[in-house]
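Here the structure is laid out as structure tokens; the discussion comes afterwards.
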Amino acid sequence: MIAVMADFAGQIVLVTGGTKGAGKAISAEFAGRGAHVIVNWFHEQDAAERTVAEIVAAGGSAERLRASVGKPDEVTAMFETVGGRHGRLDVLVNCAARGYFMPAADLSERDWHRAFEVNVHGPRRCARAALPLLAGQHGAVVNVSSIGASLTVDNYSAVGVGKAALEALTRYLAVEFAGYGVRVNAASAGILDSPTTELFPGGDRIRDTVIAGTPLGRLGTLAELARLVVFLASSEAGWITGQTLIADGGLSL
């Protein structure tokens, strides 16, 4: 059973890309704290069904909702559905991402376009579509970034540049949304102990190099990133907006 904590009891939380990796960990963390989690998915129906089933079996509350954050019409329809079903939204987590793990010289124009559609324009579209639902709740938006936004990482340029843009977007939206009582922040992390690390060419070498350069001497976990996201969405962070908080074990130092 999930050890349910009541700090998000009764709240409605939507996690884009919420079916695997960081998104799945974030969905489970919110459910474990009493939220009803709307797990957004697009490509993998089986993963979406499994994620929701696991949350419910553990004592949490969740539903799945299909939409591509890279398609404006689908984003609009998704938040219309949320409004129709629940009438409000307390937290939006923009976690859906598209990655290309290859040298910059090998990236095509289409690769760059598709990466920005999902990693930058997706969160922008979702935040704007969610605003009317969030405003009445003094809600929160948390964008999931990565250390590649501020440090250069081999074979990560399309994602890293997009995440840097996402962090800038976070600041602009924070100022704009503040008048509605909605906070906007970004949660960032160093390279985590997750399957994504294996997608990098020379993943084992990168893993060893990062551990050696991290003062705390290890990789972070998906659960640790999820807890950072939850903190930024919580009332404990009620005086924080427009910020990027990074959990990297000291690597960026």
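Going through the structure tokens in order, the chains are called A, B, and so on, while each chain numbers its residues from 1 and the ligands are numbered from 1 in the order shown.
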Neighbour list for A:Ala233 as a tab-separated table (two decimals) with N, CA and C atoms, in the first residue's frame, cut-off 12 Å, only C-alpha atoms, skip fewer than 6 positions in-chain:
chain	number	residue	atom	x	y	z
A	7	ASP	N	-0.83	15.94	2.37
A	7	ASP	CA	-0.52	17.31	1.97
A	7	ASP	C	-1.10	17.68	0.61
A	8	PHE	N	-1.49	16.69	-0.21
A	8	PHE	CA	-2.15	16.97	-1.48
A	8	PHE	C	-3.53	16.31	-1.53
A	11	GLN	N	-6.49	17.13	-4.09
A	11	GLN	CA	-6.01	17.98	-5.18
A	11	GLN	C	-5.95	17.20	-6.50
A	12	ILE	N	-6.10	17.93	-7.59
A	12	ILE	CA	-6.04	17.37	-8.93
A	12	ILE	C	-4.71	17.76	-9.55
A	13	VAL	N	-3.93	16.75	-9.96
A	13	VAL	CA	-2.59	16.97	-10.50
A	13	VAL	C	-2.50	16.31	-11.87
A	14	LEU	N	-2.04	17.05	-12.86
A	14	LEU	CA	-1.83	16.48	-14.19
A	14	LEU	C	-0.33	16.43	-14.46
A	15	VAL	N	0.15	15.25	-14.84
A	15	VAL	CA	1.57	15.06	-15.15
A	15	VAL	C	1.67	14.68	-16.62
A	26	ILE	N	7.03	10.79	-10.61
A	26	ILE	CA	6.32	11.98	-10.15
A	26	ILE	C	4.84	11.67	-9.93
A	29	GLU	N	4.51	9.73	-6.73
A	29	GLU	CA	4.78	10.55	-5.54
A	29	GLU	C	3.56	11.41	-5.18
A	30	PHE	N	2.96	12.04	-6.17
A	30	PHE	CA	1.76	12.83	-5.89
A	30	PHE	C	0.62	11.95	-5.39
A	33	ARG	N	0.78	11.11	-1.88
A	33	ARG	CA	0.51	12.23	-0.98
A	33	ARG	C	-0.95	12.68	-1.05
A	35	ALA	N	-3.08	13.03	-3.77
A	35	ALA	CA	-3.64	13.68	-4.95
A	35	ALA	C	-4.32	12.68	-5.87
A	90	ASP	N	-5.14	21.74	-9.75
A	90	ASP	CA	-4.31	22.32	-8.70
A	90	ASP	C	-2.84	22.39	-9.08
A	91	VAL	N	-2.36	21.39	-9.83
A	91	VAL	CA	-0.95	21.33	-10.19
A	91	VAL	C	-0.82	20.79	-11.61
A	92	LEU	N	0.02	21.46	-12.39
A	92	LEU	CA	0.43	20.96	-13.69
A	92	LEU	C	1.93	20.68	-13.65
A	93	VAL	N	2.32	19.47	-14.00
A	93	VAL	CA	3.74	19.13	-14.11
A	93	VAL	C	4.04	18.85	-15.58
A	94	ASN	N	4.89	19.67	-16.16
A	94	ASN	CA	5.30	19.48	-17.55
A	94	ASN	C	6.55	18.60	-17.58
A	134	LEU	N	-6.17	26.52	-13.18
A	134	LEU	CA	-5.26	26.71	-12.04
A	134	LEU	C	-5.57	27.98	-11.26
A	138	HIS	N	-5.27	28.95	-6.99
A	138	HIS	CA	-3.92	29.44	-6.67
A	138	HIS	C	-2.93	28.29	-6.86
A	139	GLY	N	-3.01	27.68	-8.04
A	139	GLY	CA	-2.27	26.46	-8.31
A	139	GLY	C	-0.81	26.70	-8.66
A	140	ALA	N	-0.17	25.63	-9.12
A	140	ALA	CA	1.26	25.67	-9.40
A	140	ALA	C	1.57	24.91	-10.68
A	141	VAL	N	2.57	25.41	-11.39
A	141	VAL	CA	3.13	24.73	-12.55
A	141	VAL	C	4.57	24.39	-12.22
A	142	VAL	N	4.96	23.15	-12.47
A	142	VAL	CA	6.36	22.76	-12.31
A	142	VAL	C	6.84	22.18	-13.63
A	143	ASN	N	7.86	22.80	-14.21
A	143	ASN	CA	8.48	22.31	-15.43
A	143	ASN	C	9.70	21.48	-15.08
A	144	VAL	N	9.84	20.33	-15.71
A	144	VAL	CA	10.97	19.44	-15.41
A	144	VAL	C	12.10	19.73	-16.39
A	182	VAL	N	-0.89	32.10	-9.49
A	182	VAL	CA	-0.32	30.81	-9.91
A	182	VAL	C	1.20	30.92	-9.94
A	183	ARG	N	1.87	29.99	-9.28
A	183	ARG	CA	3.33	29.95	-9.26
A	183	ARG	C	3.85	29.05	-10.36
A	184	VAL	N	5.02	29.41	-10.92
A	184	VAL	CA	5.65	28.61	-11.97
A	184	VAL	C	7.13	28.45	-11.63
A	185	ASN	N	7.58	27.21	-11.49
A	185	ASN	CA	8.97	26.92	-11.19
A	185	ASN	C	9.45	25.76	-12.04
A	186	ALA	N	10.75	25.53	-12.00
A	186	ALA	CA	11.34	24.39	-12.70
A	186	ALA	C	12.14	23.54	-11.72
A	187	ALA	N	12.03	22.24	-11.88
A	187	ALA	CA	12.81	21.28	-11.09
A	187	ALA	C	13.84	20.65	-12.01
A	226	ALA	N	11.39	13.39	-8.12
A	226	ALA	CA	9.95	13.49	-7.88
A	226	ALA	C	9.65	14.27	-6.61
A	227	ARG	N	10.44	14.05	-5.56
A	227	ARG	CA	10.21	14.78	-4.32
A	227	ARG	C	10.50	16.27	-4.47
A	239	TRP	N	6.24	30.80	-1.43
A	239	TRP	CA	6.87	32.09	-1.69
A	239	TRP	C	7.96	31.97	-2.76
A	240	ILE	N	7.92	30.85	-3.48
A	240	ILE	CA	8.92	30.60	-4.54
A	240	ILE	C	8.22	30.60	-5.88
A	241	THR	N	8.69	31.44	-6.79
A	241	THR	CA	8.20	31.39	-8.16
A	241	THR	C	9.27	31.92	-9.11
Please identify every residue of stretch 47-92 of chain A that has at least one atom no farther than 10 Å from an atom of stretch 105-122 of chain A, counting only C-alpha atoms, and for each give the shortest atom pair and the distance in Å to one decimal, arranged by chain then increasing number, as CSV.
residue,atom,partner,partner_atom,distance
A:Ser68,CA,A:Gly122,CA,8.3
A:Val69,CA,A:Gly122,CA,4.7
A:Gly70,CA,A:Val118,CA,4.9
A:Lys71,CA,A:Gly122,CA,7.8
A:Pro72,CA,A:Gly122,CA,8.2
A:Val75,CA,A:Gly122,CA,8.2
Write down as a PyMOL selection string the residues of stretch 142-195 of chain A whose backbone DSSP state falls under helix (DSSP H, G or I).
chain A and resi 147-149+157-178+195
Dump as a compact mmCIF listing (two decimals), in the first residue's frame, selection limited to N, CA, C and O atoms:
# COMPACT_ATOMS: atom_id res chain seq x y z
N ILE A 147 20.16 19.23 -15.94
CA ILE A 147 21.43 19.92 -15.78
C ILE A 147 22.03 20.32 -17.13
O ILE A 147 22.85 21.24 -17.21
N GLY A 148 21.58 19.67 -18.20
CA GLY A 148 22.05 20.03 -19.54
C GLY A 148 21.64 21.40 -19.99
O GLY A 148 22.11 21.90 -21.01
N ALA A 149 20.77 22.07 -19.23
CA ALA A 149 20.37 23.44 -19.55
C ALA A 149 21.48 24.43 -19.23
O ALA A 149 21.58 25.49 -19.85
N SER A 157 22.73 18.11 -27.15
CA SER A 157 22.54 19.52 -27.46
C SER A 157 21.08 19.90 -27.71
O SER A 157 20.62 20.94 -27.22
N ALA A 158 20.34 19.11 -28.46
CA ALA A 158 18.96 19.47 -28.75
C ALA A 158 18.12 19.53 -27.49
O ALA A 158 17.28 20.43 -27.31
N VAL A 159 18.34 18.58 -26.59
CA VAL A 159 17.59 18.57 -25.33
C VAL A 159 18.09 19.69 -24.41
O VAL A 159 17.30 20.43 -23.83
N GLY A 160 19.41 19.82 -24.28
CA GLY A 160 19.97 20.82 -23.38
C GLY A 160 19.57 22.23 -23.75
O GLY A 160 19.20 23.04 -22.88
N VAL A 161 19.65 22.56 -25.03
CA VAL A 161 19.25 23.89 -25.48
C VAL A 161 17.75 24.11 -25.23
O VAL A 161 17.32 25.18 -24.80
N GLY A 162 16.96 23.08 -25.49
CA GLY A 162 15.53 23.18 -25.22
C GLY A 162 15.22 23.37 -23.75
O GLY A 162 14.34 24.15 -23.38
N LYS A 163 15.95 22.68 -22.88
CA LYS A 163 15.73 22.82 -21.45
C LYS A 163 16.15 24.21 -20.97
O LYS A 163 15.53 24.78 -20.05
N ALA A 164 17.21 24.78 -21.57
CA ALA A 164 17.59 26.15 -21.23
C ALA A 164 16.46 27.11 -21.60
O ALA A 164 16.13 28.04 -20.84
N ALA A 165 15.85 26.89 -22.77
CA ALA A 165 14.70 27.71 -23.16
C ALA A 165 13.53 27.51 -22.22
O ALA A 165 12.81 28.46 -21.88
N LEU A 166 13.34 26.28 -21.76
CA LEU A 166 12.25 25.99 -20.82
C LEU A 166 12.46 26.74 -19.51
O LEU A 166 11.49 27.24 -18.91
N GLU A 167 13.70 26.82 -19.04
CA GLU A 167 13.95 27.56 -17.81
C GLU A 167 13.70 29.05 -17.98
O GLU A 167 13.19 29.72 -17.07
N ALA A 168 14.03 29.60 -19.16
CA ALA A 168 13.69 31.00 -19.45
C ALA A 168 12.18 31.19 -19.52
O ALA A 168 11.63 32.16 -18.98
N LEU A 169 11.50 30.25 -20.17
CA LEU A 169 10.04 30.29 -20.23
C LEU A 169 9.44 30.28 -18.83
O LEU A 169 8.46 30.99 -18.55
N THR A 170 10.01 29.49 -17.94
CA THR A 170 9.54 29.40 -16.56
C THR A 170 9.54 30.79 -15.91
O THR A 170 8.57 31.17 -15.23
N ARG A 171 10.60 31.55 -16.11
CA ARG A 171 10.69 32.88 -15.51
C ARG A 171 9.63 33.83 -16.08
O ARG A 171 8.98 34.58 -15.35
N TYR A 172 9.46 33.80 -17.40
CA TYR A 172 8.49 34.68 -18.02
C TYR A 172 7.06 34.33 -17.60
O TYR A 172 6.24 35.21 -17.31
N LEU A 173 6.75 33.05 -17.58
CA LEU A 173 5.41 32.64 -17.16
C LEU A 173 5.16 32.96 -15.69
O LEU A 173 4.04 33.30 -15.30
N ALA A 174 6.20 32.85 -14.87
CA ALA A 174 6.04 33.13 -13.44
C ALA A 174 5.57 34.56 -13.21
O ALA A 174 4.69 34.83 -12.38
N VAL A 175 6.17 35.49 -13.94
CA VAL A 175 5.77 36.89 -13.80
C VAL A 175 4.35 37.09 -14.32
O VAL A 175 3.51 37.75 -13.69
N GLU A 176 4.06 36.51 -15.47
CA GLU A 176 2.74 36.68 -16.07
C GLU A 176 1.65 36.04 -15.23
O GLU A 176 0.57 36.61 -15.03
N PHE A 177 1.90 34.84 -14.73
CA PHE A 177 0.88 34.09 -14.00
C PHE A 177 0.72 34.55 -12.56
O PHE A 177 -0.26 34.21 -11.89
N ALA A 178 1.67 35.31 -12.05
CA ALA A 178 1.61 35.74 -10.64
C ALA A 178 0.34 36.53 -10.37
O ALA A 178 -0.24 36.44 -9.27
N PRO A 195 17.06 4.39 -16.68
CA PRO A 195 17.32 3.86 -18.03
C PRO A 195 17.73 4.91 -19.04
O PRO A 195 18.37 4.59 -20.04
Select from stretch 13-242 of chain A everything DSSP, run on the backbone, classes as strand (DSSP E), then give the selection as number ranges by chain.
A: 13-15, 36-41, 61-66, 91-94, 140-144, 183-189
Writer output for current selection, N, CA and C atoms, as a PDB file, in the first residue's frame:
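Final output, saved to out-v6.pdb:
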ATOM      1  N   VAL A  13      -3.930  16.751  -9.958  1.00  0.00           N
ATOM      2  CA  VAL A  13      -2.592  16.969 -10.499  1.00  0.00           C
ATOM      3  C   VAL A  13      -2.497  16.309 -11.867  1.00  0.00           C
ATOM      4  N   LEU A  14      -2.045  17.055 -12.862  1.00  0.00           N
ATOM      5  CA  LEU A  14      -1.828  16.484 -14.188  1.00  0.00           C
ATOM      6  C   LEU A  14      -0.332  16.430 -14.464  1.00  0.00           C
ATOM      7  N   VAL A  15       0.151  15.250 -14.836  1.00  0.00           N
ATOM      8  CA  VAL A  15       1.568  15.060 -15.155  1.00  0.00           C
ATOM      9  C   VAL A  15       1.675  14.676 -16.622  1.00  0.00           C
ATOM     10  N   HIS A  36      -5.277  13.178  -6.636  1.00  0.00           N
ATOM     11  CA  HIS A  36      -5.793  12.419  -7.780  1.00  0.00           C
ATOM     12  C   HIS A  36      -4.934  12.827  -8.970  1.00  0.00           C
ATOM     13  N   VAL A  37      -4.264  11.855  -9.568  1.00  0.00           N
ATOM     14  CA  VAL A  37      -3.286  12.146 -10.613  1.00  0.00           C
ATOM     15  C   VAL A  37      -3.855  11.805 -11.983  1.00  0.00           C
ATOM     16  N   ILE A  38      -3.796  12.784 -12.872  1.00  0.00           N
ATOM     17  CA  ILE A  38      -4.152  12.564 -14.274  1.00  0.00           C
ATOM     18  C   ILE A  38      -2.853  12.283 -15.013  1.00  0.00           C
ATOM     19  N   VAL A  39      -2.701  11.052 -15.456  1.00  0.00           N
ATOM     20  CA  VAL A  39      -1.475  10.608 -16.111  1.00  0.00           C
ATOM     21  C   VAL A  39      -1.623  10.809 -17.615  1.00  0.00           C
ATOM     22  N   ASN A  40      -0.935  11.811 -18.141  1.00  0.00           N
ATOM     23  CA  ASN A  40      -0.982  12.070 -19.573  1.00  0.00           C
ATOM     24  C   ASN A  40      -0.030  11.135 -20.307  1.00  0.00           C
ATOM     25  N   TRP A  41      -0.466  10.671 -21.481  1.00  0.00           N
ATOM     26  CA  TRP A  41       0.373   9.799 -22.305  1.00  0.00           C
ATOM     27  C   TRP A  41       0.020  10.053 -23.768  1.00  0.00           C
ATOM     28  N   SER A  61      -5.096   7.280  -6.274  1.00  0.00           N
ATOM     29  CA  SER A  61      -6.176   7.627  -7.195  1.00  0.00           C
ATOM     30  C   SER A  61      -5.571   8.203  -8.471  1.00  0.00           C
ATOM     31  N   ALA A  62      -5.971   7.672  -9.623  1.00  0.00           N
ATOM     32  CA  ALA A  62      -5.382   8.127 -10.885  1.00  0.00           C
ATOM     33  C   ALA A  62      -6.294   7.797 -12.048  1.00  0.00           C
ATOM     34  N   GLU A  63      -6.103   8.510 -13.129  1.00  0.00           N
ATOM     35  CA  GLU A  63      -6.744   8.223 -14.405  1.00  0.00           C
ATOM     36  C   GLU A  63      -5.737   8.545 -15.494  1.00  0.00           C
ATOM     37  N   ARG A  64      -5.982   8.050 -16.701  1.00  0.00           N
ATOM     38  CA  ARG A  64      -5.081   8.350 -17.807  1.00  0.00           C
ATOM     39  C   ARG A  64      -5.805   9.207 -18.828  1.00  0.00           C
ATOM     40  N   LEU A  65      -5.016  10.042 -19.547  1.00  0.00           N
ATOM     41  CA  LEU A  65      -5.599  10.945 -20.525  1.00  0.00           C
ATOM     42  C   LEU A  65      -4.598  11.116 -21.666  1.00  0.00           C
ATOM     43  N   ARG A  66      -5.009  10.728 -22.868  1.00  0.00           N
ATOM     44  CA  ARG A  66      -4.110  10.735 -24.019  1.00  0.00           C
ATOM     45  C   ARG A  66      -4.123  12.079 -24.737  1.00  0.00           C
ATOM     46  N   VAL A  91      -2.364  21.388  -9.825  1.00  0.00           N
ATOM     47  CA  VAL A  91      -0.949  21.327 -10.189  1.00  0.00           C
ATOM     48  C   VAL A  91      -0.817  20.790 -11.609  1.00  0.00           C
ATOM     49  N   LEU A  92       0.022  21.464 -12.385  1.00  0.00           N
ATOM     50  CA  LEU A  92       0.434  20.955 -13.694  1.00  0.00           C
ATOM     51  C   LEU A  92       1.926  20.683 -13.646  1.00  0.00           C
ATOM     52  N   VAL A  93       2.319  19.472 -14.003  1.00  0.00           N
ATOM     53  CA  VAL A  93       3.739  19.132 -14.110  1.00  0.00           C
ATOM     54  C   VAL A  93       4.036  18.855 -15.578  1.00  0.00           C
ATOM     55  N   ASN A  94       4.890  19.669 -16.158  1.00  0.00           N
ATOM     56  CA  ASN A  94       5.302  19.477 -17.551  1.00  0.00           C
ATOM     57  C   ASN A  94       6.554  18.602 -17.581  1.00  0.00           C
ATOM     58  N   ALA A 140      -0.168  25.628  -9.119  1.00  0.00           N
ATOM     59  CA  ALA A 140       1.264  25.668  -9.401  1.00  0.00           C
ATOM     60  C   ALA A 140       1.569  24.906 -10.677  1.00  0.00           C
ATOM     61  N   VAL A 141       2.569  25.410 -11.394  1.00  0.00           N
ATOM     62  CA  VAL A 141       3.129  24.727 -12.552  1.00  0.00           C
ATOM     63  C   VAL A 141       4.574  24.391 -12.224  1.00  0.00           C
ATOM     64  N   VAL A 142       4.961  23.150 -12.473  1.00  0.00           N
ATOM     65  CA  VAL A 142       6.361  22.758 -12.309  1.00  0.00           C
ATOM     66  C   VAL A 142       6.841  22.175 -13.629  1.00  0.00           C
ATOM     67  N   ASN A 143       7.861  22.797 -14.205  1.00  0.00           N
ATOM     68  CA  ASN A 143       8.480  22.315 -15.433  1.00  0.00           C
ATOM     69  C   ASN A 143       9.698  21.479 -15.080  1.00  0.00           C
ATOM     70  N   VAL A 144       9.841  20.328 -15.706  1.00  0.00           N
ATOM     71  CA  VAL A 144      10.969  19.439 -15.409  1.00  0.00           C
ATOM     72  C   VAL A 144      12.099  19.734 -16.392  1.00  0.00           C
ATOM     73  N   ARG A 183       1.867  29.990  -9.281  1.00  0.00           N
ATOM     74  CA  ARG A 183       3.330  29.949  -9.256  1.00  0.00           C
ATOM     75  C   ARG A 183       3.853  29.047 -10.365  1.00  0.00           C
ATOM     76  N   VAL A 184       5.017  29.411 -10.923  1.00  0.00           N
ATOM     77  CA  VAL A 184       5.648  28.608 -11.970  1.00  0.00           C
ATOM     78  C   VAL A 184       7.126  28.450 -11.628  1.00  0.00           C
ATOM     79  N   ASN A 185       7.576  27.212 -11.494  1.00  0.00           N
ATOM     80  CA  ASN A 185       8.970  26.919 -11.189  1.00  0.00           C
ATOM     81  C   ASN A 185       9.455  25.757 -12.043  1.00  0.00           C
ATOM     82  N   ALA A 186      10.750  25.533 -11.998  1.00  0.00           N
ATOM     83  CA  ALA A 186      11.339  24.388 -12.701  1.00  0.00           C
ATOM     84  C   ALA A 186      12.138  23.544 -11.720  1.00  0.00           C
ATOM     85  N   ALA A 187      12.030  22.240 -11.876  1.00  0.00           N
ATOM     86  CA  ALA A 187      12.810  21.276 -11.089  1.00  0.00           C
ATOM     87  C   ALA A 187      13.836  20.649 -12.014  1.00  0.00           C
ATOM     88  N   SER A 188      15.091  20.722 -11.622  1.00  0.00           N
ATOM     89  CA  SER A 188      16.169  20.202 -12.462  1.00  0.00           C
ATOM     90  C   SER A 188      16.990  19.196 -11.679  1.00  0.00           C
ATOM     91  N   ALA A 189      17.641  18.325 -12.412  1.00  0.00           N
ATOM     92  CA  ALA A 189      18.464  17.308 -11.752  1.00  0.00           C
ATOM     93  C   ALA A 189      19.678  16.992 -12.611  1.00  0.00           C
TER      94      ALA A 189
END
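Taking only C-alpha atoms, the non-local environment of A:Leu219 within 9 Å (same-chain residues fewer than 3 positions away omitted) comprises Gly190, Ile191, Leu192, Asp193, Arg207, Val210, Ile211, Thr214, Leu216, Asp248 and Gly249 of chain A.
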Could you save those same residues with N, CA and C atoms as a tab-separated table (two decimals), in the first residue's frame?
chain	number	residue	atom	x	y	z
A	190	GLY	N	20.69	16.47	-11.96
A	190	GLY	CA	21.82	15.93	-12.69
A	190	GLY	C	21.45	14.61	-13.33
A	191	ILE	N	22.41	13.96	-13.92
A	191	ILE	CA	22.16	12.65	-14.52
A	191	ILE	C	21.74	11.68	-13.43
A	192	LEU	N	20.62	11.00	-13.67
A	192	LEU	CA	20.02	10.14	-12.66
A	192	LEU	C	20.32	8.68	-12.93
A	193	ASP	N	20.14	7.89	-11.90
A	193	ASP	CA	20.27	6.44	-12.02
A	193	ASP	C	18.96	5.92	-12.62
A	207	ARG	N	28.37	7.75	-16.85
A	207	ARG	CA	27.93	7.45	-15.48
A	207	ARG	C	29.11	7.51	-14.51
A	210	VAL	N	30.41	11.16	-14.10
A	210	VAL	CA	29.51	11.99	-13.28
A	210	VAL	C	29.66	11.64	-11.81
A	211	ILE	N	29.68	10.37	-11.49
A	211	ILE	CA	29.83	9.97	-10.09
A	211	ILE	C	31.14	10.50	-9.52
A	214	THR	N	30.88	14.25	-8.74
A	214	THR	CA	29.79	14.67	-7.87
A	214	THR	C	30.24	14.63	-6.41
A	216	LEU	N	28.72	14.45	-3.64
A	216	LEU	CA	28.05	13.43	-2.83
A	216	LEU	C	28.33	12.01	-3.31
A	248	ASP	N	21.54	17.90	-7.78
A	248	ASP	CA	22.56	17.20	-8.55
A	248	ASP	C	23.71	16.68	-7.70
A	249	GLY	N	23.50	16.63	-6.39
A	249	GLY	CA	24.55	16.11	-5.51
A	249	GLY	C	25.79	16.99	-5.47
Pairwise distance, atom CA of A:Ala104 with atom CA of A:Ser150, equals 16.6 Å
Contacts of A:Val82 at 9 Å (only C-alpha atoms; same-chain gap of 3+ positions) as a PyMOL selection string
chain A and resi 14+38+65+77-79+85-89+133
How about saving the chosen residues, all heavy atoms kept, as an mmCIF file, in the first residue's frame?
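Generated file (again25.cif):
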data_model
loop_
_atom_site.group_PDB
_atom_site.id
_atom_site.type_symbol
_atom_site.label_atom_id
_atom_site.label_comp_id
_atom_site.auth_asym_id
_atom_site.auth_seq_id
_atom_site.Cartn_x
_atom_site.Cartn_y
_atom_site.Cartn_z
ATOM 1 N N LEU A 14 -2.045 17.055 -12.862
ATOM 2 C CA LEU A 14 -1.828 16.484 -14.188
ATOM 3 C C LEU A 14 -0.332 16.430 -14.464
ATOM 4 O O LEU A 14 0.371 17.438 -14.314
ATOM 5 C CB LEU A 14 -2.529 17.307 -15.269
ATOM 6 C CG LEU A 14 -2.559 16.686 -16.676
ATOM 7 C CD1 LEU A 14 -3.798 17.156 -17.440
ATOM 8 C CD2 LEU A 14 -1.306 17.024 -17.487
ATOM 9 N N ILE A 38 -3.796 12.784 -12.872
ATOM 10 C CA ILE A 38 -4.152 12.564 -14.274
ATOM 11 C C ILE A 38 -2.853 12.283 -15.013
ATOM 12 O O ILE A 38 -1.993 13.159 -15.138
ATOM 13 C CB ILE A 38 -4.858 13.785 -14.876
ATOM 14 C CG1 ILE A 38 -6.119 14.119 -14.058
ATOM 15 C CG2 ILE A 38 -5.213 13.531 -16.336
ATOM 16 C CD1 ILE A 38 -6.739 15.457 -14.424
ATOM 17 N N LEU A 65 -5.016 10.042 -19.547
ATOM 18 C CA LEU A 65 -5.599 10.945 -20.525
ATOM 19 C C LEU A 65 -4.598 11.116 -21.666
ATOM 20 O O LEU A 65 -3.478 11.587 -21.468
ATOM 21 C CB LEU A 65 -5.894 12.296 -19.873
ATOM 22 C CG LEU A 65 -6.593 13.354 -20.730
ATOM 23 C CD1 LEU A 65 -7.908 12.812 -21.296
ATOM 24 C CD2 LEU A 65 -6.854 14.602 -19.900
ATOM 25 N N ALA A 77 -7.834 20.228 -26.240
ATOM 26 C CA ALA A 77 -8.847 19.224 -25.913
ATOM 27 C C ALA A 77 -8.570 18.568 -24.570
ATOM 28 O O ALA A 77 -9.508 18.265 -23.813
ATOM 29 C CB ALA A 77 -8.900 18.171 -27.022
ATOM 30 N N MET A 78 -7.296 18.338 -24.256
ATOM 31 C CA MET A 78 -6.956 17.695 -22.985
ATOM 32 C C MET A 78 -7.432 18.535 -21.802
ATOM 33 O O MET A 78 -8.053 18.012 -20.858
ATOM 34 C CB MET A 78 -5.445 17.457 -22.895
ATOM 35 C CG MET A 78 -4.996 16.894 -21.551
ATOM 36 S SD MET A 78 -3.302 16.254 -21.558
ATOM 37 C CE MET A 78 -2.351 17.763 -21.818
ATOM 38 N N PHE A 79 -7.165 19.828 -21.848
ATOM 39 C CA PHE A 79 -7.549 20.661 -20.702
ATOM 40 C C PHE A 79 -9.045 20.945 -20.684
ATOM 41 O O PHE A 79 -9.623 21.156 -19.605
ATOM 42 C CB PHE A 79 -6.700 21.931 -20.665
ATOM 43 C CG PHE A 79 -5.295 21.640 -20.218
ATOM 44 C CD1 PHE A 79 -4.284 21.458 -21.147
ATOM 45 C CD2 PHE A 79 -5.003 21.478 -18.876
ATOM 46 C CE1 PHE A 79 -3.000 21.146 -20.746
ATOM 47 C CE2 PHE A 79 -3.723 21.168 -18.455
ATOM 48 C CZ PHE A 79 -2.709 21.001 -19.386
ATOM 49 N N ARG A 85 -14.329 17.194 -16.497
ATOM 50 C CA ARG A 85 -14.382 16.112 -15.507
ATOM 51 C C ARG A 85 -14.248 16.622 -14.083
ATOM 52 O O ARG A 85 -14.879 16.097 -13.151
ATOM 53 C CB ARG A 85 -13.275 15.098 -15.777
ATOM 54 C CG ARG A 85 -13.456 14.263 -17.016
ATOM 55 C CD ARG A 85 -12.283 13.298 -17.187
ATOM 56 N NE ARG A 85 -12.395 12.520 -18.415
ATOM 57 C CZ ARG A 85 -11.463 11.676 -18.847
ATOM 58 N NH1 ARG A 85 -10.346 11.509 -18.140
ATOM 59 N NH2 ARG A 85 -11.638 11.006 -19.971
ATOM 60 N N HIS A 86 -13.389 17.624 -13.881
ATOM 61 C CA HIS A 86 -13.019 18.009 -12.513
ATOM 62 C C HIS A 86 -13.316 19.468 -12.185
ATOM 63 O O HIS A 86 -13.354 19.827 -11.005
ATOM 64 C CB HIS A 86 -11.530 17.731 -12.289
ATOM 65 C CG HIS A 86 -11.145 16.303 -12.518
ATOM 66 N ND1 HIS A 86 -11.456 15.293 -11.626
ATOM 67 C CD2 HIS A 86 -10.492 15.702 -13.551
ATOM 68 C CE1 HIS A 86 -11.001 14.137 -12.088
ATOM 69 N NE2 HIS A 86 -10.415 14.353 -13.256
ATOM 70 N N GLY A 87 -13.458 20.307 -13.208
ATOM 71 C CA GLY A 87 -13.782 21.701 -12.960
ATOM 72 C C GLY A 87 -12.635 22.553 -12.476
ATOM 73 O O GLY A 87 -12.798 23.764 -12.273
ATOM 74 N N ARG A 88 -11.483 21.959 -12.298
ATOM 75 C CA ARG A 88 -10.334 22.698 -11.768
ATOM 76 C C ARG A 88 -9.076 21.873 -11.949
ATOM 77 O O ARG A 88 -9.129 20.694 -12.320
ATOM 78 C CB ARG A 88 -10.514 22.992 -10.279
ATOM 79 C CG ARG A 88 -10.625 21.731 -9.422
ATOM 80 C CD ARG A 88 -10.952 22.071 -7.981
ATOM 81 N NE ARG A 88 -11.180 20.883 -7.179
ATOM 82 C CZ ARG A 88 -10.232 20.202 -6.546
ATOM 83 N NH1 ARG A 88 -8.964 20.600 -6.636
ATOM 84 N NH2 ARG A 88 -10.515 19.133 -5.829
ATOM 85 N N LEU A 89 -7.931 22.501 -11.654
ATOM 86 C CA LEU A 89 -6.648 21.820 -11.636
ATOM 87 C C LEU A 89 -5.791 22.528 -10.596
ATOM 88 O O LEU A 89 -5.744 23.758 -10.542
ATOM 89 C CB LEU A 89 -5.970 21.891 -13.006
ATOM 90 C CG LEU A 89 -4.659 21.120 -13.179
ATOM 91 C CD1 LEU A 89 -4.891 19.604 -13.057
ATOM 92 C CD2 LEU A 89 -4.021 21.441 -14.526
ATOM 93 N N LEU A 133 -7.905 26.906 -15.284
ATOM 94 C CA LEU A 133 -8.230 25.885 -14.288
ATOM 95 C C LEU A 133 -7.401 26.052 -13.025
ATOM 96 O O LEU A 133 -7.852 25.733 -11.920
ATOM 97 C CB LEU A 133 -8.001 24.495 -14.878
ATOM 98 C CG LEU A 133 -8.837 24.126 -16.104
ATOM 99 C CD1 LEU A 133 -8.390 22.782 -16.666
ATOM 100 C CD2 LEU A 133 -10.320 24.093 -15.762
#
